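Notes to accompany the following structure.
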Amino acid sequence: MRFHETSLSIKHPNVMKTLFAMCISEVSLIITMHISTNRTPDFLFFFPRIWFIFIFIIIIFLLYRFLSSKSITIGDNFIISLNKKRYDADEISSVFIDGKRIGIKTVDKKLVPLHLYFTFKKENTVNGMEEIREWAKRNNKPIRYKFFFGWI
């Protein structure tokens, strides 16, 4: 039996939608802070400023995710994730597919980890979906075609 390994280009799903929503939140917070500049410093004075910083950090994180090039490697009985961590087949409990979104759930987690939640780039969609299905069949892992939760 020949050793098989495929590396495919992927992207994080819904990054642009989330980035757009966060930018709108930032604009509304800027308006709120402008309105509340003449107030005495209290909770309603500081809360928008603290929340602004928090959302700004999320925007930086989303921009990094959007601009970085990523790939996932699918082998005979292992998967190498986005953060270059290797998962053997016995560490993976199931594969979730929701439309174009794919999530690979590990045995020790209740939700799909961020680095195992992705979509394939347009040029790899058909080949990537087939590779995931073949990998799951080869390693006796269930494929669940349903909605799953993923982080940011």
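Residue numbering restarts at 1 in every chain; chains get A, B, ... in the order shown in the structure tokens, and ligands count up from 1 in that same order.
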
Do you know which residues are at most 8 Å from Ser9 of chain A counting only C-alpha atoms, after dropping those on the same chain fewer than 6 positions away, and could you put them as a list in words? Ser69, Lys70, Ser71, Ile72, Phe120, Lys121 and Asn124 of chain A

From a DSSP calculation on the backbone, collect every residue of chain A in strand (DSSP E) and output the set as a VMD selection string. chain A and resid 5 to 11 70 to 75 78 to 80 86 to 88 92 to 98 101 to 106 117 to 120 143 to 144

Excluding same-chain residues fewer than 5 positions from Ile30 of chain A, what lies within 9 Å of it counting only C-alpha atoms, as a count of residues only? 5

Neighbour list for Ile102 of chain A as a PDB file with N, CA, C and O atoms, in the first residue's frame, cut-off 7 Å, only C-alpha atoms, skip fewer than 3 positions in-chain:
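Saved the output as result_17.pdb:
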ATOM      1  N   PHE A  96     -17.510  17.071  10.642  1.00  0.00           N
ATOM      2  CA  PHE A  96     -18.765  17.779  10.416  1.00  0.00           C
ATOM      3  C   PHE A  96     -18.677  18.525   9.094  1.00  0.00           C
ATOM      4  O   PHE A  96     -17.661  19.157   8.800  1.00  0.00           O
ATOM      5  N   ILE A  97     -19.743  18.466   8.318  1.00  0.00           N
ATOM      6  CA  ILE A  97     -19.828  19.217   7.072  1.00  0.00           C
ATOM      7  C   ILE A  97     -21.154  19.966   7.080  1.00  0.00           C
ATOM      8  O   ILE A  97     -22.215  19.372   7.234  1.00  0.00           O
ATOM      9  N   ASP A  98     -21.059  21.285   6.939  1.00  0.00           N
ATOM     10  CA  ASP A  98     -22.247  22.139   6.881  1.00  0.00           C
ATOM     11  C   ASP A  98     -22.103  23.026   5.653  1.00  0.00           C
ATOM     12  O   ASP A  98     -21.492  24.090   5.716  1.00  0.00           O
ATOM     13  N   TYR A 117     -11.343  24.102  11.786  1.00  0.00           N
ATOM     14  CA  TYR A 117     -12.590  24.647  11.264  1.00  0.00           C
ATOM     15  C   TYR A 117     -12.231  25.507  10.059  1.00  0.00           C
ATOM     16  O   TYR A 117     -11.510  26.490  10.184  1.00  0.00           O
ATOM     17  N   PHE A 118     -12.705  25.140   8.859  1.00  0.00           N
ATOM     18  CA  PHE A 118     -12.250  25.801   7.643  1.00  0.00           C
ATOM     19  C   PHE A 118     -13.190  25.552   6.475  1.00  0.00           C
ATOM     20  O   PHE A 118     -14.126  24.760   6.565  1.00  0.00           O
ATOM     21  N   THR A 119     -12.918  26.253   5.377  1.00  0.00           N
ATOM     22  CA  THR A 119     -13.502  25.956   4.070  1.00  0.00           C
ATOM     23  C   THR A 119     -12.340  25.882   3.091  1.00  0.00           C
ATOM     24  O   THR A 119     -11.274  26.465   3.327  1.00  0.00           O
TER      25      THR A 119
END

Using only C-alpha atoms, which protein or nucleic acid residues come within 8 Å of segment 136-148 of chain A? Drop anything in the same chain fewer than 2 positions from it, and give the result as a list in words. Asp76, Asn77, Ala89, Ile92, Ser93, Ser94, Val95, Phe96, Ile97, Asp98, Gly103, Leu111, Val112, Ile132, Arg133, Glu134 and Gly150 of chain A

Export of the given selection (C-alpha atoms) as an mmCIF file, in the first residue's frame:
data_model
loop_
_atom_site.group_PDB
_atom_site.id
_atom_site.type_symbol
_atom_site.label_atom_id
_atom_site.label_comp_id
_atom_site.auth_asym_id
_atom_site.auth_seq_id
_atom_site.Cartn_x
_atom_site.Cartn_y
_atom_site.Cartn_z
ATOM 1 C CA ASP A 76 -3.517 8.183 5.195
ATOM 2 C CA ASN A 77 -4.260 8.090 8.919
ATOM 3 C CA ALA A 89 -6.998 9.157 13.257
ATOM 4 C CA ILE A 92 -10.379 12.488 15.864
ATOM 5 C CA SER A 93 -13.948 11.547 16.736
ATOM 6 C CA SER A 94 -15.908 12.837 13.723
ATOM 7 C CA VAL A 95 -16.030 15.146 10.720
ATOM 8 C CA PHE A 96 -18.765 17.779 10.416
ATOM 9 C CA ILE A 97 -19.828 19.217 7.072
ATOM 10 C CA ASP A 98 -22.247 22.139 6.881
ATOM 11 C CA GLY A 103 -15.073 20.954 11.108
ATOM 12 C CA LEU A 111 -16.644 21.824 20.102
ATOM 13 C CA VAL A 112 -14.626 21.946 16.899
ATOM 14 C CA ILE A 132 -12.071 14.588 3.468
ATOM 15 C CA ARG A 133 -14.774 12.024 2.659
ATOM 16 C CA GLU A 134 -12.196 9.443 1.566
ATOM 17 C CA GLY A 150 -16.977 27.168 15.430
#

Might you pull out every residue within 12 Å of Trp51 of chain A, with only C-alpha atoms counted and same-chain residues fewer than 2 positions away left off, and present them as a PDB file with all heavy atoms, in the first residue's frame?
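Once everything was written out, this is part37.pdb:
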ATOM      1  N   MET A  22     -17.762  43.827  12.970  1.00  0.00           N
ATOM      2  CA  MET A  22     -16.915  44.438  13.992  1.00  0.00           C
ATOM      3  C   MET A  22     -16.594  45.893  13.646  1.00  0.00           C
ATOM      4  O   MET A  22     -16.545  46.754  14.533  1.00  0.00           O
ATOM      5  CB  MET A  22     -15.617  43.650  14.166  1.00  0.00           C
ATOM      6  CG  MET A  22     -15.798  42.298  14.786  1.00  0.00           C
ATOM      7  SD  MET A  22     -16.376  42.434  16.472  1.00  0.00           S
ATOM      8  CE  MET A  22     -17.531  41.099  16.525  1.00  0.00           C
ATOM      9  N   SER A  25     -19.522  47.949  14.536  1.00  0.00           N
ATOM     10  CA  SER A  25     -19.553  48.126  15.992  1.00  0.00           C
ATOM     11  C   SER A  25     -18.577  49.207  16.435  1.00  0.00           C
ATOM     12  O   SER A  25     -18.887  50.008  17.322  1.00  0.00           O
ATOM     13  CB  SER A  25     -19.200  46.814  16.697  1.00  0.00           C
ATOM     14  OG  SER A  25     -20.143  45.831  16.413  1.00  0.00           O
ATOM     15  N   GLU A  26     -17.402  49.224  15.815  1.00  0.00           N
ATOM     16  CA  GLU A  26     -16.409  50.248  16.157  1.00  0.00           C
ATOM     17  C   GLU A  26     -16.933  51.645  15.832  1.00  0.00           C
ATOM     18  O   GLU A  26     -16.762  52.574  16.627  1.00  0.00           O
ATOM     19  CB  GLU A  26     -15.096  49.998  15.405  1.00  0.00           C
ATOM     20  CG  GLU A  26     -14.294  48.833  15.927  1.00  0.00           C
ATOM     21  CD  GLU A  26     -13.672  49.094  17.269  1.00  0.00           C
ATOM     22  OE1 GLU A  26     -12.568  49.665  17.321  1.00  0.00           O
ATOM     23  OE2 GLU A  26     -14.288  48.717  18.279  1.00  0.00           O
ATOM     24  N   VAL A  27     -17.574  51.791  14.683  1.00  0.00           N
ATOM     25  CA  VAL A  27     -18.108  53.097  14.297  1.00  0.00           C
ATOM     26  C   VAL A  27     -19.172  53.544  15.290  1.00  0.00           C
ATOM     27  O   VAL A  27     -19.193  54.704  15.731  1.00  0.00           O
ATOM     28  CB  VAL A  27     -18.666  53.058  12.853  1.00  0.00           C
ATOM     29  CG1 VAL A  27     -19.456  54.314  12.529  1.00  0.00           C
ATOM     30  CG2 VAL A  27     -17.536  52.873  11.858  1.00  0.00           C
ATOM     31  N   SER A  28     -20.056  52.623  15.671  1.00  0.00           N
ATOM     32  CA  SER A  28     -21.099  52.995  16.641  1.00  0.00           C
ATOM     33  C   SER A  28     -20.493  53.353  17.995  1.00  0.00           C
ATOM     34  O   SER A  28     -20.984  54.247  18.689  1.00  0.00           O
ATOM     35  CB  SER A  28     -22.133  51.877  16.783  1.00  0.00           C
ATOM     36  OG  SER A  28     -21.566  50.760  17.394  1.00  0.00           O
ATOM     37  N   LEU A  29     -19.418  52.674  18.380  1.00  0.00           N
ATOM     38  CA  LEU A  29     -18.752  53.013  19.641  1.00  0.00           C
ATOM     39  C   LEU A  29     -18.067  54.379  19.566  1.00  0.00           C
ATOM     40  O   LEU A  29     -18.052  55.124  20.553  1.00  0.00           O
ATOM     41  CB  LEU A  29     -17.747  51.934  20.015  1.00  0.00           C
ATOM     42  CG  LEU A  29     -18.361  50.673  20.597  1.00  0.00           C
ATOM     43  CD1 LEU A  29     -17.315  49.585  20.722  1.00  0.00           C
ATOM     44  CD2 LEU A  29     -18.984  50.960  21.946  1.00  0.00           C
ATOM     45  N   ILE A  30     -17.508  54.713  18.424  1.00  0.00           N
ATOM     46  CA  ILE A  30     -16.890  56.033  18.258  1.00  0.00           C
ATOM     47  C   ILE A  30     -17.950  57.117  18.413  1.00  0.00           C
ATOM     48  O   ILE A  30     -17.722  58.135  19.087  1.00  0.00           O
ATOM     49  CB  ILE A  30     -16.175  56.129  16.894  1.00  0.00           C
ATOM     50  CG1 ILE A  30     -14.920  55.258  16.903  1.00  0.00           C
ATOM     51  CG2 ILE A  30     -15.815  57.573  16.556  1.00  0.00           C
ATOM     52  CD1 ILE A  30     -14.252  55.106  15.555  1.00  0.00           C
ATOM     53  N   THR A  32     -20.772  56.829  20.086  1.00  0.00           N
ATOM     54  CA  THR A  32     -21.161  56.829  21.497  1.00  0.00           C
ATOM     55  C   THR A  32     -20.128  57.559  22.353  1.00  0.00           C
ATOM     56  O   THR A  32     -20.482  58.325  23.252  1.00  0.00           O
ATOM     57  CB  THR A  32     -21.316  55.381  22.001  1.00  0.00           C
ATOM     58  OG1 THR A  32     -22.269  54.710  21.193  1.00  0.00           O
ATOM     59  CG2 THR A  32     -21.754  55.346  23.445  1.00  0.00           C
ATOM     60  N   MET A  33     -18.847  57.324  22.085  1.00  0.00           N
ATOM     61  CA  MET A  33     -17.806  57.995  22.867  1.00  0.00           C
ATOM     62  C   MET A  33     -17.809  59.493  22.608  1.00  0.00           C
ATOM     63  O   MET A  33     -17.548  60.286  23.513  1.00  0.00           O
ATOM     64  CB  MET A  33     -16.434  57.396  22.544  1.00  0.00           C
ATOM     65  CG  MET A  33     -16.262  56.009  23.101  1.00  0.00           C
ATOM     66  SD  MET A  33     -14.600  55.343  22.933  1.00  0.00           S
ATOM     67  CE  MET A  33     -14.367  55.285  21.181  1.00  0.00           C
ATOM     68  N   PHE A  43     -19.260  54.686  34.937  1.00  0.00           N
ATOM     69  CA  PHE A  43     -19.295  53.422  34.183  1.00  0.00           C
ATOM     70  C   PHE A  43     -19.666  53.651  32.723  1.00  0.00           C
ATOM     71  O   PHE A  43     -19.041  53.104  31.819  1.00  0.00           O
ATOM     72  CB  PHE A  43     -20.287  52.448  34.831  1.00  0.00           C
ATOM     73  CG  PHE A  43     -20.445  51.173  34.065  1.00  0.00           C
ATOM     74  CD1 PHE A  43     -19.467  50.203  34.103  1.00  0.00           C
ATOM     75  CD2 PHE A  43     -21.583  50.959  33.291  1.00  0.00           C
ATOM     76  CE1 PHE A  43     -19.601  49.033  33.378  1.00  0.00           C
ATOM     77  CE2 PHE A  43     -21.726  49.787  32.567  1.00  0.00           C
ATOM     78  CZ  PHE A  43     -20.726  48.819  32.609  1.00  0.00           C
ATOM     79  N   LEU A  44     -20.674  54.480  32.460  1.00  0.00           N
ATOM     80  CA  LEU A  44     -21.114  54.736  31.084  1.00  0.00           C
ATOM     81  C   LEU A  44     -20.094  55.546  30.289  1.00  0.00           C
ATOM     82  O   LEU A  44     -20.158  55.597  29.070  1.00  0.00           O
ATOM     83  CB  LEU A  44     -22.471  55.436  31.083  1.00  0.00           C
ATOM     84  CG  LEU A  44     -23.636  54.584  31.581  1.00  0.00           C
ATOM     85  CD1 LEU A  44     -24.911  55.411  31.649  1.00  0.00           C
ATOM     86  CD2 LEU A  44     -23.823  53.362  30.720  1.00  0.00           C
ATOM     87  N   PHE A  45     -19.167  56.156  30.964  1.00  0.00           N
ATOM     88  CA  PHE A  45     -18.087  56.869  30.289  1.00  0.00           C
ATOM     89  C   PHE A  45     -16.976  55.907  29.865  1.00  0.00           C
ATOM     90  O   PHE A  45     -16.458  55.995  28.762  1.00  0.00           O
ATOM     91  CB  PHE A  45     -17.529  57.952  31.227  1.00  0.00           C
ATOM     92  CG  PHE A  45     -16.406  58.733  30.626  1.00  0.00           C
ATOM     93  CD1 PHE A  45     -16.658  59.768  29.747  1.00  0.00           C
ATOM     94  CD2 PHE A  45     -15.084  58.433  30.949  1.00  0.00           C
ATOM     95  CE1 PHE A  45     -15.617  60.492  29.190  1.00  0.00           C
ATOM     96  CE2 PHE A  45     -14.038  59.155  30.400  1.00  0.00           C
ATOM     97  CZ  PHE A  45     -14.299  60.186  29.517  1.00  0.00           C
ATOM     98  N   PHE A  46     -16.624  54.967  30.750  1.00  0.00           N
ATOM     99  CA  PHE A  46     -15.505  54.076  30.476  1.00  0.00           C
ATOM    100  C   PHE A  46     -15.873  52.820  29.676  1.00  0.00           C
ATOM    101  O   PHE A  46     -15.046  52.286  28.958  1.00  0.00           O
ATOM    102  CB  PHE A  46     -14.828  53.646  31.783  1.00  0.00           C
ATOM    103  CG  PHE A  46     -14.062  54.752  32.419  1.00  0.00           C
ATOM    104  CD1 PHE A  46     -14.500  55.331  33.597  1.00  0.00           C
ATOM    105  CD2 PHE A  46     -12.909  55.230  31.830  1.00  0.00           C
ATOM    106  CE1 PHE A  46     -13.792  56.362  34.179  1.00  0.00           C
ATOM    107  CE2 PHE A  46     -12.189  56.267  32.402  1.00  0.00           C
ATOM    108  CZ  PHE A  46     -12.633  56.835  33.584  1.00  0.00           C
ATOM    109  N   PHE A  47     -17.097  52.336  29.810  1.00  0.00           N
ATOM    110  CA  PHE A  47     -17.477  51.093  29.146  1.00  0.00           C
ATOM    111  C   PHE A  47     -17.279  51.130  27.631  1.00  0.00           C
ATOM    112  O   PHE A  47     -16.671  50.204  27.074  1.00  0.00           O
ATOM    113  CB  PHE A  47     -18.929  50.712  29.484  1.00  0.00           C
ATOM    114  CG  PHE A  47     -19.363  49.446  28.823  1.00  0.00           C
ATOM    115  CD1 PHE A  47     -18.926  48.212  29.285  1.00  0.00           C
ATOM    116  CD2 PHE A  47     -20.190  49.478  27.707  1.00  0.00           C
ATOM    117  CE1 PHE A  47     -19.313  47.039  28.669  1.00  0.00           C
ATOM    118  CE2 PHE A  47     -20.578  48.311  27.082  1.00  0.00           C
ATOM    119  CZ  PHE A  47     -20.138  47.089  27.563  1.00  0.00           C
ATOM    120  N   PRO A  48     -17.733  52.159  26.897  1.00  0.00           N
ATOM    121  CA  PRO A  48     -17.510  52.173  25.440  1.00  0.00           C
ATOM    122  C   PRO A  48     -16.029  52.197  25.062  1.00  0.00           C
ATOM    123  O   PRO A  48     -15.633  51.598  24.077  1.00  0.00           O
ATOM    124  CB  PRO A  48     -18.207  53.446  24.960  1.00  0.00           C
ATOM    125  CG  PRO A  48     -19.099  53.855  26.049  1.00  0.00           C
ATOM    126  CD  PRO A  48     -18.560  53.286  27.311  1.00  0.00           C
ATOM    127  N   ARG A  49     -15.210  52.827  25.864  1.00  0.00           N
ATOM    128  CA  ARG A  49     -13.782  52.882  25.562  1.00  0.00           C
ATOM    129  C   ARG A  49     -13.112  51.521  25.741  1.00  0.00           C
ATOM    130  O   ARG A  49     -12.283  51.109  24.938  1.00  0.00           O
ATOM    131  CB  ARG A  49     -13.129  53.945  26.436  1.00  0.00           C
ATOM    132  CG  ARG A  49     -13.469  55.348  25.957  1.00  0.00           C
ATOM    133  CD  ARG A  49     -13.432  56.372  27.058  1.00  0.00           C
ATOM    134  NE  ARG A  49     -13.736  57.709  26.565  1.00  0.00           N
ATOM    135  CZ  ARG A  49     -14.957  58.162  26.339  1.00  0.00           C
ATOM    136  NH1 ARG A  49     -15.997  57.397  26.538  1.00  0.00           N
ATOM    137  NH2 ARG A  49     -15.159  59.392  25.892  1.00  0.00           N
ATOM    138  N   ILE A  53     -11.549  49.007  22.630  1.00  0.00           N
ATOM    139  CA  ILE A  53     -10.237  48.353  22.605  1.00  0.00           C
ATOM    140  C   ILE A  53     -10.386  46.851  22.376  1.00  0.00           C
ATOM    141  O   ILE A  53      -9.657  46.254  21.582  1.00  0.00           O
ATOM    142  CB  ILE A  53      -9.461  48.642  23.907  1.00  0.00           C
ATOM    143  CG1 ILE A  53      -9.113  50.129  23.974  1.00  0.00           C
ATOM    144  CG2 ILE A  53      -8.209  47.780  24.017  1.00  0.00           C
ATOM    145  CD1 ILE A  53      -8.616  50.585  25.326  1.00  0.00           C
ATOM    146  N   PHE A  54     -11.350  46.241  23.047  1.00  0.00           N
ATOM    147  CA  PHE A  54     -11.590  44.809  22.883  1.00  0.00           C
ATOM    148  C   PHE A  54     -11.955  44.461  21.436  1.00  0.00           C
ATOM    149  O   PHE A  54     -11.397  43.539  20.837  1.00  0.00           O
ATOM    150  CB  PHE A  54     -12.704  44.368  23.839  1.00  0.00           C
ATOM    151  CG  PHE A  54     -13.072  42.929  23.732  1.00  0.00           C
ATOM    152  CD1 PHE A  54     -12.205  41.935  24.174  1.00  0.00           C
ATOM    153  CD2 PHE A  54     -14.287  42.556  23.175  1.00  0.00           C
ATOM    154  CE1 PHE A  54     -12.544  40.600  24.065  1.00  0.00           C
ATOM    155  CE2 PHE A  54     -14.636  41.226  23.065  1.00  0.00           C
ATOM    156  CZ  PHE A  54     -13.762  40.241  23.510  1.00  0.00           C
ATOM    157  N   ILE A  55     -12.863  45.220  20.839  1.00  0.00           N
ATOM    158  CA  ILE A  55     -13.272  44.955  19.458  1.00  0.00           C
ATOM    159  C   ILE A  55     -12.134  45.252  18.494  1.00  0.00           C
ATOM    160  O   ILE A  55     -11.954  44.557  17.491  1.00  0.00           O
ATOM    161  CB  ILE A  55     -14.549  45.754  19.108  1.00  0.00           C
ATOM    162  CG1 ILE A  55     -15.719  45.186  19.905  1.00  0.00           C
ATOM    163  CG2 ILE A  55     -14.854  45.686  17.624  1.00  0.00           C
ATOM    164  CD1 ILE A  55     -17.014  45.926  19.723  1.00  0.00           C
ATOM    165  N   PHE A  56     -11.329  46.258  18.792  1.00  0.00           N
ATOM    166  CA  PHE A  56     -10.177  46.558  17.937  1.00  0.00           C
ATOM    167  C   PHE A  56      -9.193  45.384  17.909  1.00  0.00           C
ATOM    168  O   PHE A  56      -8.647  45.049  16.862  1.00  0.00           O
ATOM    169  CB  PHE A  56      -9.490  47.842  18.426  1.00  0.00           C
ATOM    170  CG  PHE A  56      -8.392  48.299  17.522  1.00  0.00           C
ATOM    171  CD1 PHE A  56      -8.688  48.887  16.308  1.00  0.00           C
ATOM    172  CD2 PHE A  56      -7.063  48.129  17.879  1.00  0.00           C
ATOM    173  CE1 PHE A  56      -7.679  49.307  15.453  1.00  0.00           C
ATOM    174  CE2 PHE A  56      -6.046  48.540  17.045  1.00  0.00           C
ATOM    175  CZ  PHE A  56      -6.347  49.129  15.827  1.00  0.00           C
ATOM    176  N   ILE A  57      -8.980  44.740  19.039  1.00  0.00           N
ATOM    177  CA  ILE A  57      -8.107  43.557  19.094  1.00  0.00           C
ATOM    178  C   ILE A  57      -8.697  42.428  18.254  1.00  0.00           C
ATOM    179  O   ILE A  57      -7.969  41.729  17.526  1.00  0.00           O
ATOM    180  CB  ILE A  57      -7.885  43.123  20.557  1.00  0.00           C
ATOM    181  CG1 ILE A  57      -7.031  44.169  21.279  1.00  0.00           C
ATOM    182  CG2 ILE A  57      -7.212  41.746  20.634  1.00  0.00           C
ATOM    183  CD1 ILE A  57      -6.970  43.995  22.785  1.00  0.00           C
ATOM    184  N   ILE A  58     -10.006  42.250  18.307  1.00  0.00           N
ATOM    185  CA  ILE A  58     -10.655  41.232  17.479  1.00  0.00           C
ATOM    186  C   ILE A  58     -10.477  41.550  15.995  1.00  0.00           C
ATOM    187  O   ILE A  58     -10.215  40.655  15.181  1.00  0.00           O
ATOM    188  CB  ILE A  58     -12.158  41.104  17.841  1.00  0.00           C
ATOM    189  CG1 ILE A  58     -12.299  40.497  19.234  1.00  0.00           C
ATOM    190  CG2 ILE A  58     -12.893  40.243  16.821  1.00  0.00           C
ATOM    191  CD1 ILE A  58     -13.715  40.472  19.753  1.00  0.00           C
TER     192      ILE A  58
END

I need the residues of segment 12-142 of chain A that end up classed as alpha helix (DSSP H) by DSSP on the backbone, written out as a short mmCIF file (atom, residue, chain, number, x, y, z; two decimals) with C-alpha atoms, in the first residue's frame.
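This went into out08.cif:
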data_model
loop_
_atom_site.label_atom_id
_atom_site.label_comp_id
_atom_site.auth_asym_id
_atom_site.auth_seq_id
_atom_site.Cartn_x
_atom_site.Cartn_y
_atom_site.Cartn_z
CA VAL A 15 -14.11 36.19 8.24
CA MET A 16 -15.27 39.03 5.99
CA LYS A 17 -18.79 39.04 7.46
CA THR A 18 -17.43 39.10 11.01
CA LEU A 19 -14.88 41.79 10.11
CA PHE A 20 -17.63 43.95 8.59
CA ALA A 21 -19.82 43.55 11.69
CA MET A 22 -16.91 44.44 13.99
CA CYS A 23 -16.12 47.57 11.96
CA ILE A 24 -19.74 48.70 12.23
CA SER A 25 -19.55 48.13 15.99
CA GLU A 26 -16.41 50.25 16.16
CA VAL A 27 -18.11 53.10 14.30
CA SER A 28 -21.10 53.00 16.64
CA LEU A 29 -18.75 53.01 19.64
CA ILE A 30 -16.89 56.03 18.26
CA ILE A 31 -20.22 57.86 17.96
CA THR A 32 -21.16 56.83 21.50
CA MET A 33 -17.81 58.00 22.87
CA HIS A 34 -18.15 61.32 21.05
CA ILE A 35 -21.58 61.88 22.57
CA PHE A 43 -19.30 53.42 34.18
CA LEU A 44 -21.11 54.74 31.08
CA PHE A 45 -18.09 56.87 30.29
CA PHE A 46 -15.50 54.08 30.48
CA PHE A 47 -17.48 51.09 29.15
CA PRO A 48 -17.51 52.17 25.44
CA ARG A 49 -13.78 52.88 25.56
CA ILE A 50 -12.93 49.50 27.03
CA TRP A 51 -15.27 47.76 24.60
CA PHE A 52 -13.68 49.72 21.72
CA ILE A 53 -10.24 48.35 22.60
CA PHE A 54 -11.59 44.81 22.88
CA ILE A 55 -13.27 44.96 19.46
CA PHE A 56 -10.18 46.56 17.94
CA ILE A 57 -8.11 43.56 19.09
CA ILE A 58 -10.65 41.23 17.48
CA ILE A 59 -10.39 43.21 14.22
CA ILE A 60 -6.59 42.83 14.24
CA PHE A 61 -6.99 39.08 14.82
CA LEU A 62 -9.52 38.80 11.96
CA LEU A 63 -7.28 40.75 9.58
CA TYR A 64 -4.41 38.40 10.39
CA ARG A 65 -6.62 35.38 9.70
CA PHE A 66 -7.85 36.90 6.43
CA LEU A 67 -4.42 37.85 5.07
CA THR A 125 -13.39 22.76 -3.08
CA VAL A 126 -14.32 19.63 -5.06
CA ASN A 127 -10.98 17.88 -4.55
CA GLY A 128 -10.86 18.84 -0.86
CA MET A 129 -14.37 17.60 -0.07
CA GLU A 130 -13.60 14.31 -1.78
CA GLU A 131 -10.31 13.98 0.13
CA ILE A 132 -12.07 14.59 3.47
CA ARG A 133 -14.77 12.02 2.66
CA GLU A 134 -12.20 9.44 1.57
CA TRP A 135 -10.11 10.08 4.68
CA ALA A 136 -13.14 9.62 6.96
CA LYS A 137 -14.16 6.41 5.16
CA ARG A 138 -10.61 5.04 5.24
#

Under the rule that only C-alpha atoms are counted, which of A:Leu114, A:Leu8, A:Ile74, A:Ile80 is the nearest residue to Phe149 of chain A? A:Leu114

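Atom pair atom CA of His12 of chain A / atom CA of Leu116 of chain A: separated by 9.7 Å.
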
Using only C-alpha atoms, pick whichever of A:Pro41, A:Lys110, A:Ile104, A:Glu5 has the shortest atom-to-atom distance to Ser81 of chain A.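 Using only C-alpha atoms, Ser81 of chain A sits closest to A:Ile104.
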
Of the residues A:Asn14, A:Lys100, A:Arg86, A:His4, which is the one nearest to Lys122 of chain A, using only C-alpha atoms? A:Lys100
